[in-house]
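Dumped data.txt below, it's compact mmCIF, C-alpha atoms and all ligand atoms:
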```
# COMPACT_ATOMS: atom_id res chain seq x y z
CA MET A 1 87.43 93.60 92.21
CA ALA A 2 86.66 97.27 92.87
CA SER A 3 88.63 99.19 90.28
CA GLY A 4 88.65 101.33 87.15
CA SER A 5 88.67 105.00 86.33
CA VAL A 6 87.43 107.39 88.99
CA ASN A 7 85.57 109.36 86.32
CA GLY A 8 81.91 109.70 87.32
CA LYS A 9 82.55 108.23 90.77
CA THR A 10 82.16 109.75 94.21
CA ALA A 11 84.65 110.07 97.04
CA ILE A 12 84.97 111.19 100.64
CA VAL A 13 88.36 112.58 101.67
CA THR A 14 88.87 113.47 105.32
CA GLY A 15 91.69 115.95 105.87
CA GLY A 16 91.02 117.05 102.28
CA ALA A 17 91.51 120.74 103.07
CA SER A 18 95.30 120.54 103.25
CA GLY A 19 98.45 118.72 102.16
CA ILE A 20 98.15 115.20 100.76
CA GLY A 21 94.35 115.17 101.13
CA LEU A 22 93.96 118.44 99.23
CA GLU A 23 96.20 117.21 96.38
CA PHE A 24 94.15 114.01 96.22
CA VAL A 25 90.88 115.99 96.09
CA LYS A 26 92.31 118.16 93.26
CA LEU A 27 93.40 115.08 91.33
CA LEU A 28 90.06 113.29 91.77
CA TYR A 29 88.21 116.43 90.67
CA SER A 30 90.44 116.81 87.60
CA LYS A 31 89.55 113.20 86.65
CA GLY A 32 85.79 113.80 86.88
CA CYS A 33 85.17 112.41 90.36
CA SER A 34 82.83 114.20 92.78
CA VAL A 35 84.32 114.66 96.23
CA VAL A 36 83.19 115.62 99.70
CA ILE A 37 85.92 117.06 101.90
CA GLY A 38 85.48 116.35 105.61
CA ASP A 39 87.77 118.62 107.60
CA LEU A 40 87.82 121.03 110.52
CA ASP A 41 87.95 124.01 108.20
CA LEU A 42 88.62 125.04 104.60
CA ALA A 43 92.03 126.57 103.91
CA PRO A 44 91.95 129.22 101.10
CA GLU A 45 93.16 126.84 98.35
CA ALA A 46 90.51 124.26 99.25
CA GLU A 47 87.85 126.95 99.48
CA GLU A 48 88.77 128.13 95.99
CA LEU A 49 88.37 124.58 94.70
CA VAL A 50 84.91 124.26 96.24
CA THR A 51 83.91 127.63 94.75
CA LYS A 52 85.45 126.81 91.34
CA SER A 53 83.48 123.58 91.11
CA SER A 54 80.29 125.60 91.79
CA GLY A 55 79.57 123.31 94.69
CA SER A 56 78.61 120.47 92.37
CA LYS A 57 81.80 118.43 92.24
CA VAL A 58 83.73 119.37 95.36
CA LEU A 59 81.70 119.88 98.50
CA PHE A 60 82.77 120.65 102.03
CA LYS A 61 81.25 119.25 105.21
CA LYS A 62 82.72 120.66 108.38
CA THR A 63 83.75 117.57 110.35
CA ASP A 64 85.81 116.85 113.41
CA VAL A 65 86.74 113.27 112.61
CA THR A 66 87.21 112.45 116.29
CA ASN A 67 83.49 113.07 116.81
CA TRP A 68 81.80 109.89 115.59
CA SER A 69 78.41 111.46 115.05
CA GLN A 70 80.03 114.13 112.83
CA LEU A 71 81.94 111.39 110.98
CA SER A 72 78.71 109.50 110.45
CA ASP A 73 76.98 112.71 109.28
CA LEU A 74 79.74 113.11 106.68
CA PHE A 75 78.66 109.82 105.09
CA THR A 76 74.95 110.73 105.26
CA PHE A 77 75.68 114.16 103.72
CA THR A 78 77.65 112.51 100.88
CA GLU A 79 74.93 109.94 100.19
CA GLU A 80 72.30 112.67 100.04
CA LYS A 81 74.28 115.20 97.97
CA ILE A 82 76.29 113.13 95.46
CA GLY A 83 75.41 109.51 96.19
CA ALA A 84 77.11 106.77 98.17
CA PRO A 85 80.89 106.98 97.94
CA ASP A 86 82.93 104.63 95.73
CA ILE A 87 86.14 105.80 97.41
CA VAL A 88 86.78 106.73 101.02
CA CYS A 89 90.14 108.21 102.01
CA PRO A 90 90.46 108.77 105.78
CA GLY A 91 93.38 111.13 105.21
CA ALA A 92 93.08 113.43 108.24
CA GLY A 93 96.06 112.98 110.51
CA ILE A 94 98.25 114.76 113.04
CA PHE A 95 101.94 114.32 113.86
CA GLU A 96 102.13 114.27 117.64
CA PRO A 97 101.78 118.05 117.98
CA ALA A 98 102.99 119.55 121.28
CA TRP A 99 99.39 119.50 122.55
CA SER A 100 99.05 115.76 121.95
CA GLY A 101 102.49 114.19 122.08
CA PHE A 102 103.81 111.43 124.33
CA TRP A 103 106.47 113.56 126.03
CA PRO A 104 104.97 117.04 126.68
CA ASP A 105 102.47 116.02 129.40
CA THR A 106 99.86 118.37 128.00
CA GLU A 107 97.16 115.80 127.38
CA ASP A 108 94.89 115.13 130.31
CA ASN A 109 91.95 113.41 128.67
CA GLY A 110 93.19 110.94 126.09
CA TYR A 111 95.64 111.32 123.23
CA LYS A 112 94.11 113.21 120.33
CA THR A 113 96.82 111.76 118.07
CA ILE A 114 95.35 108.30 118.67
CA ALA A 115 91.80 109.57 118.16
CA VAL A 116 92.67 111.21 114.82
CA ASN A 117 95.21 108.70 113.44
CA VAL A 118 93.70 105.44 114.71
CA GLU A 119 90.10 105.72 115.89
CA HIS A 120 88.95 107.90 112.98
CA PRO A 121 90.31 105.70 110.15
CA THR A 122 88.97 102.66 111.99
CA LYS A 123 85.46 104.08 112.29
CA ALA A 124 85.59 105.53 108.75
CA THR A 125 86.38 102.07 107.39
CA ARG A 126 83.36 100.62 109.20
CA LEU A 127 81.10 103.39 107.87
CA ALA A 128 82.53 102.97 104.36
CA ILE A 129 81.87 99.23 104.28
CA LYS A 130 78.27 99.80 105.40
CA SER A 131 77.76 102.50 102.78
CA PHE A 132 79.21 100.38 99.93
CA LEU A 133 77.04 97.39 100.88
CA LYS A 134 73.89 99.48 101.26
CA ALA A 135 74.48 100.99 97.80
CA LYS A 136 75.30 97.51 96.42
CA LYS A 137 78.46 98.72 94.78
CA PRO A 138 82.17 97.96 95.01
CA GLY A 139 84.35 100.33 96.97
CA VAL A 140 87.87 101.30 97.91
CA VAL A 141 89.07 102.56 101.28
CA ALA A 142 92.46 104.21 100.70
CA HIS A 143 94.28 104.94 103.96
CA VAL A 144 97.26 107.21 104.50
CA SER A 145 99.86 105.39 106.57
CA SER A 146 103.53 106.43 106.77
CA MET A 147 107.02 104.98 106.47
CA GLY A 148 107.04 105.82 110.19
CA GLY A 149 104.86 102.72 110.58
CA GLN A 150 107.89 100.58 109.76
CA THR A 151 110.42 102.43 111.86
CA THR A 152 110.42 103.78 115.39
CA ARG A 153 111.58 107.07 116.88
CA LEU A 154 111.80 107.74 120.59
CA ALA A 155 110.70 111.35 120.06
CA VAL A 156 107.40 110.41 118.35
CA PRO A 157 106.40 106.96 119.65
CA ILE A 158 102.65 107.51 119.27
CA HIS A 159 103.01 108.65 115.67
CA CYS A 160 104.99 105.57 114.64
CA ALA A 161 102.65 103.21 116.51
CA THR A 162 99.51 104.75 114.97
CA LYS A 163 100.90 104.21 111.48
CA ALA A 164 101.98 100.64 112.29
CA TYR A 165 98.38 100.11 113.41
CA ILE A 166 97.10 101.31 110.02
CA ASN A 167 99.41 98.89 108.18
CA HIS A 168 98.14 95.91 110.10
CA PHE A 169 94.53 97.10 110.15
CA VAL A 170 94.53 97.40 106.35
CA ARG A 171 95.99 93.91 105.91
CA ALA A 172 93.20 92.45 108.03
CA PHE A 173 90.70 93.31 105.25
CA ALA A 174 92.47 91.46 102.41
CA GLU A 175 89.64 88.93 102.12
CA LEU A 176 87.01 91.61 101.47
CA ASP A 177 88.53 92.14 98.03
CA GLN A 178 87.59 88.72 96.59
CA LYS A 179 84.48 88.15 98.67
CA GLU A 180 82.77 91.57 98.81
CA ASN A 181 84.44 93.62 96.06
CA ILE A 182 85.79 96.02 98.65
CA ARG A 183 89.50 96.90 98.60
CA VAL A 184 91.07 98.35 101.73
CA VAL A 185 94.58 99.62 100.91
CA ALA A 186 97.11 102.19 102.13
CA VAL A 187 99.88 104.41 100.88
CA ALA A 188 102.83 104.72 103.26
CA PRO A 189 104.71 107.90 102.31
CA GLY A 190 108.08 109.11 103.48
CA MET A 191 108.58 112.81 104.32
CA VAL A 192 106.04 114.88 102.43
CA ARG A 193 106.32 118.65 102.07
CA THR A 194 102.98 119.68 103.65
CA PRO A 195 101.71 122.09 106.33
CA LEU A 196 101.83 119.14 108.74
CA TRP A 197 105.50 119.97 109.22
CA PHE A 198 105.82 123.65 108.40
CA LYS A 199 102.64 125.01 109.99
CA GLU A 200 101.60 122.44 112.58
CA ASN A 201 104.93 121.03 113.83
CA PRO A 202 107.88 123.33 113.06
CA ASP A 203 109.66 121.80 116.09
CA LYS A 204 109.76 118.44 114.26
CA LEU A 205 111.89 119.97 111.50
CA LYS A 206 114.79 119.76 113.95
CA SER A 207 114.89 116.02 113.27
CA VAL A 208 115.29 116.38 109.51
CA GLY A 209 118.83 115.51 108.44
CA ASP A 210 120.77 116.91 105.45
CA GLU A 211 120.42 113.66 103.52
CA ASP A 212 116.65 113.31 104.08
CA ILE A 213 114.59 114.16 101.00
CA TRP A 214 111.14 115.71 100.67
CA ILE A 215 108.36 114.25 98.57
CA GLU A 216 105.75 116.52 97.00
CA PRO A 217 102.14 115.84 98.12
CA SER A 218 101.02 115.68 94.46
CA GLU A 219 103.16 112.55 94.04
CA ILE A 220 101.43 110.86 96.98
CA ALA A 221 98.05 111.85 95.49
CA GLU A 222 99.07 110.08 92.26
CA VAL A 223 99.94 106.94 94.22
CA LEU A 224 96.56 107.10 96.01
CA LEU A 225 94.83 107.39 92.64
CA ARG A 226 96.72 104.35 91.33
CA LEU A 227 95.73 102.39 94.43
CA CYS A 228 92.08 103.33 93.83
CA GLU A 229 92.00 102.60 90.10
CA ASP A 230 94.24 99.57 89.70
CA PRO A 231 92.89 96.26 91.07
CA ALA A 232 96.38 94.77 90.77
CA TYR A 233 96.86 96.43 94.16
CA LYS A 234 94.89 93.81 96.01
CA GLY A 235 92.96 94.48 99.17
CA GLY A 236 95.36 94.59 102.12
CA THR A 237 98.15 96.25 100.13
CA VAL A 238 100.35 98.74 101.99
CA LEU A 239 102.34 100.63 99.37
CA GLU A 240 105.40 102.53 100.50
CA ALA A 241 106.04 105.71 98.48
CA SER A 242 109.54 107.06 98.98
CA GLY A 243 109.55 109.77 96.30
CA GLN A 244 110.74 110.21 92.71
CA GLY A 245 108.28 107.55 91.56
CA ARG A 246 109.55 104.80 93.84
CA THR A 247 106.96 102.50 95.41
CA ARG A 248 107.32 99.20 97.24
CA VAL A 249 104.75 96.83 98.74
CA VAL A 250 105.35 96.52 102.49
CA GLU A 251 104.92 92.84 103.37
CA ALA A 252 103.37 91.72 106.66
CA LEU A 253 106.10 89.13 107.29
CA ASN A 254 109.83 89.11 106.57
CA ASP A 255 109.75 92.56 105.02
CA PRO A 256 113.24 93.93 104.29
CA GLY A 257 112.30 97.31 105.82
CA PRO A 258 111.87 100.77 104.37
CA SER A 259 113.73 102.18 101.40
CA THR A 260 116.91 103.93 102.37
CA ILE A 261 115.69 107.20 100.91
CA GLY A 262 112.62 109.41 101.10
CA HIS A 263 112.10 109.33 104.83
CA ASP A 264 113.40 110.76 108.02
CA LYS A 265 116.18 108.21 108.56
CA GLY A 266 116.73 109.16 112.15
CA THR A 267 120.35 110.19 111.72
CA ASN A 268 119.55 113.63 113.16
CA THR A 269 118.78 112.96 116.81
CA ALA A 270 118.05 116.55 117.94
CA LEU A 271 114.55 115.63 119.13
CA GLU A 272 115.78 112.50 120.92
CA ASP A 273 118.44 114.63 122.65
CA GLU A 274 115.61 116.85 123.91
CA VAL A 275 113.81 113.78 125.28
CA PHE A 276 116.90 112.78 127.27
CA GLN A 277 117.27 116.37 128.57
CA ARG A 278 113.64 116.19 129.72
CA LEU A 279 114.29 112.84 131.42
CA ALA A 280 117.38 114.23 133.14
CA LYS A 281 115.25 117.09 134.53
CA GLU A 282 112.57 114.68 135.71
CA ARG A 283 115.21 112.51 137.39
CA SER A 284 116.75 115.46 139.20
CA SER A 285 113.35 116.81 140.29
CA ARG A 286 112.71 113.52 142.10
CA LEU A 287 115.92 113.77 144.15
N1 LIG B 1 103.58 115.12 105.67
C1 LIG B 1 104.23 113.98 105.85
O1 LIG B 1 105.48 113.95 105.89
C2 LIG B 1 103.49 112.69 105.98
C3 LIG B 1 104.19 111.50 105.83
C4 LIG B 1 103.53 110.30 105.96
C5 LIG B 1 102.19 110.28 106.23
N2 LIG B 1 101.51 111.44 106.38
C6 LIG B 1 100.07 111.37 106.69
O2 LIG B 1 99.34 112.01 105.68
C7 LIG B 1 98.08 112.43 106.21
C8 LIG B 1 97.84 113.87 105.78
O3 LIG B 1 98.85 114.67 106.34
P1 LIG B 1 99.44 115.97 105.63
O4 LIG B 1 100.90 115.85 105.67
O5 LIG B 1 98.75 116.20 104.36
O6 LIG B 1 99.05 117.04 106.75
P2 LIG B 1 98.23 118.40 106.72
O7 LIG B 1 98.39 118.97 108.09
O8 LIG B 1 98.62 119.22 105.54
O9 LIG B 1 96.74 117.91 106.51
C9 LIG B 1 96.05 117.20 107.51
C10 LIG B 1 94.59 117.60 107.47
O10 LIG B 1 93.90 116.84 108.49
C11 LIG B 1 92.98 117.72 109.08
N3 LIG B 1 92.62 117.28 110.44
C12 LIG B 1 93.42 117.18 111.53
N4 LIG B 1 92.69 116.86 112.63
C13 LIG B 1 91.40 116.76 112.20
C14 LIG B 1 90.17 116.48 112.86
N5 LIG B 1 90.12 116.23 114.17
N6 LIG B 1 89.04 116.46 112.11
C15 LIG B 1 89.09 116.72 110.78
N7 LIG B 1 90.20 117.00 110.11
C16 LIG B 1 91.36 117.03 110.82
C17 LIG B 1 93.69 119.07 109.12
O11 LIG B 1 92.77 120.13 109.33
C18 LIG B 1 94.36 119.08 107.76
O12 LIG B 1 93.54 119.66 106.79
C19 LIG B 1 98.18 112.22 107.71
O13 LIG B 1 97.52 111.03 108.06
C20 LIG B 1 99.67 112.09 107.95
O14 LIG B 1 99.97 111.31 109.09
C21 LIG B 1 102.12 112.66 106.25
```
Please re-express this file's structure in structure tokens.
Amino acid sequence: MASGSVNGKTAIVTGGASGIGLEFVKLLYSKGCSVVIGDLDLAPEAEELVTKSSGSKVLFKKTDVTNWSQLSDLFTFTEEKIGAPDIVCPGAGIFEPAWSGFWPDTEDNGYKTIAVNVEHPTKATRLAIKSFLKAKKPGVVAHVSSMGGQTTRLAVPIHCATKAYINHFVRAFAELDQKENIRVVAVAPGMVRTPLWFKENPDKLKSVGDEDIWIEPSEIAEVLLRLCEDPAYKGGTVLEASGQGRTRVVEALNDPGPSTIGHDKGTNTALEDEVFQRLAKERSSRL
């Protein structure tokens, strides 16, 4: 089974310039793992990390993960610069921003949220498997799902569905663990304090209730590291992380549902109220 310390290994982290991905890159680097960040751009903190590592341990390859030739180039770049990856984390994700949500009617040529959250991790998994096999080494693909994959919210139906996709997609690869030494796993965090909310989707903060709690991205990075290093997390594992050290395997069948803490429980319905206001307008415009 693919496992063991990440020291001396190589990783690709998409979305590694910010939030959970950036914390994971920092953690991998601190443990002696070389990393290539594939992202649209480098935020200052990520740029500092690349500079600090003198370009030998943390590299950046500008990548739009929705462009498959750029995604493929990310793997080629990694193989050429630091060797075939042992770990691939398709961490880039978006949270139904206004320009690619279900309700705003702003998308006229496909939903980018599906391209980033579903098509990219799907294609990245395919590319990872090829790369591991070509290099004749074990590998781990560590996805970033969400507790939103277990629940549903009317205001963000695409988001929840994309994360439910990841859960089931990951489980489909359970057999690769025993047979090919490749573990495909996922962390499913609750609400994580990252720019995804505060910079990209401040409107979504309206749905956060008083009793909802934030998880720090460094905690999710630690869970990702555990998933990568510990073979006890078998291929196909979806590991909910609800904060303050709590984790729980999300079963495919007869699962009791998400922890009662650490996620947006849906008690604050401000965003759903806005959906119904929108529907009321659409109904009256038809009359
Ligand atoms: N923040 C949360 O509450 C939370 C909870 C559960 C799951 N997640 C998931 O965690 C993952 C990381 O999110 P985060 O909270 O760290 O957000 P973030 O916005 O801080 O980071 C996301 C990164 O993805 C990159 N990205 C977006 N579109 C891209 C594209 N087309 N090509 C390349 N890179 C692209 C962004 O540039 C950014 O660096 C996502 O998959 C998200 O769905 C987040």
Got a sec: who's within 8 Å of stretch 235-249 of chain A, counting only C-alpha atoms, leaving out chain neighbours fewer than 5 positions off, as a ChimeraX atom specification?
/A:146-147,167,170-177,182-191,214-216,219-220,223,258-259,261-263
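With distances restricted to all atoms listed in the file, A:Asp203 is the closest residue to A:Glu96 from A:Glu222, A:Asp273, A:Asp203, A:Asp210.
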Can you list, as an mmCIF file with C-alpha atoms, in the coordinates of the input, every protein, DNA or RNA residue that comes within 12 Å of A:Gly8 when you count all atoms listed in the file, leaving out same-chain residues fewer than 6 positions away?
```cif
data_model
loop_
_atom_site.group_PDB
_atom_site.id
_atom_site.type_symbol
_atom_site.label_atom_id
_atom_site.label_comp_id
_atom_site.auth_asym_id
_atom_site.auth_seq_id
_atom_site.Cartn_x
_atom_site.Cartn_y
_atom_site.Cartn_z
ATOM 1 C CA LEU A 28 90.060 113.290 91.770
ATOM 2 C CA TYR A 29 88.210 116.430 90.670
ATOM 3 C CA SER A 30 90.440 116.810 87.600
ATOM 4 C CA LYS A 31 89.550 113.200 86.650
ATOM 5 C CA GLY A 32 85.790 113.800 86.880
ATOM 6 C CA CYS A 33 85.170 112.410 90.360
ATOM 7 C CA SER A 34 82.830 114.200 92.780
ATOM 8 C CA VAL A 35 84.320 114.660 96.230
ATOM 9 C CA LYS A 57 81.800 118.430 92.240
ATOM 10 C CA ILE A 82 76.290 113.130 95.460
ATOM 11 C CA GLY A 83 75.410 109.510 96.190
ATOM 12 C CA PRO A 85 80.890 106.980 97.940
ATOM 13 C CA ASP A 86 82.930 104.630 95.730
ATOM 14 C CA ILE A 87 86.140 105.800 97.410
#
```
Surrounding residues of A:Lys134 excluding itself and chain neighbours under 4 positions, 9 Å, all atoms listed in the file, as a list in words:
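Here the qualifying residues turn out to be Ala84, Ile129 and Lys130 of chain A.
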Between A:Leu196, A:Val208, A:Val275, A:Cys160, which residue has the minimum interatomic distance to ligand LIG 1 (chain B), considering only C-alpha atoms and all ligand atoms?
A:Leu196
Which residues of stretch 2-69 of chain A have any atom within 12 Å of an atom in stretch 102-115 of chain A when counting only C-alpha atoms, and what is the closest pair of atoms for each, with the distance in Å to one decimal? Order the rows by chain and rising number and write it as CSV.
```
residue,atom,partner,partner_atom,distance
A:Asp64,CA,A:Ala115,CA,10.6
A:Val65,CA,A:Ala115,CA,8.4
A:Thr66,CA,A:Ala115,CA,5.7
A:Asn67,CA,A:Ala115,CA,9.1
A:Trp68,CA,A:Ala115,CA,10.3
```
Using all atoms listed in the file, determine which residues fall within 6 Å of ligand LIG 1 (chain B), then list them as a count of residues only.
30
Contacts of A:Thr152 at 10 Å (all atoms listed in the file; same-chain gap of 4+ positions) as a VMD selection string
chain A and resid 147 to 148 156 to 161 164 265 to 266
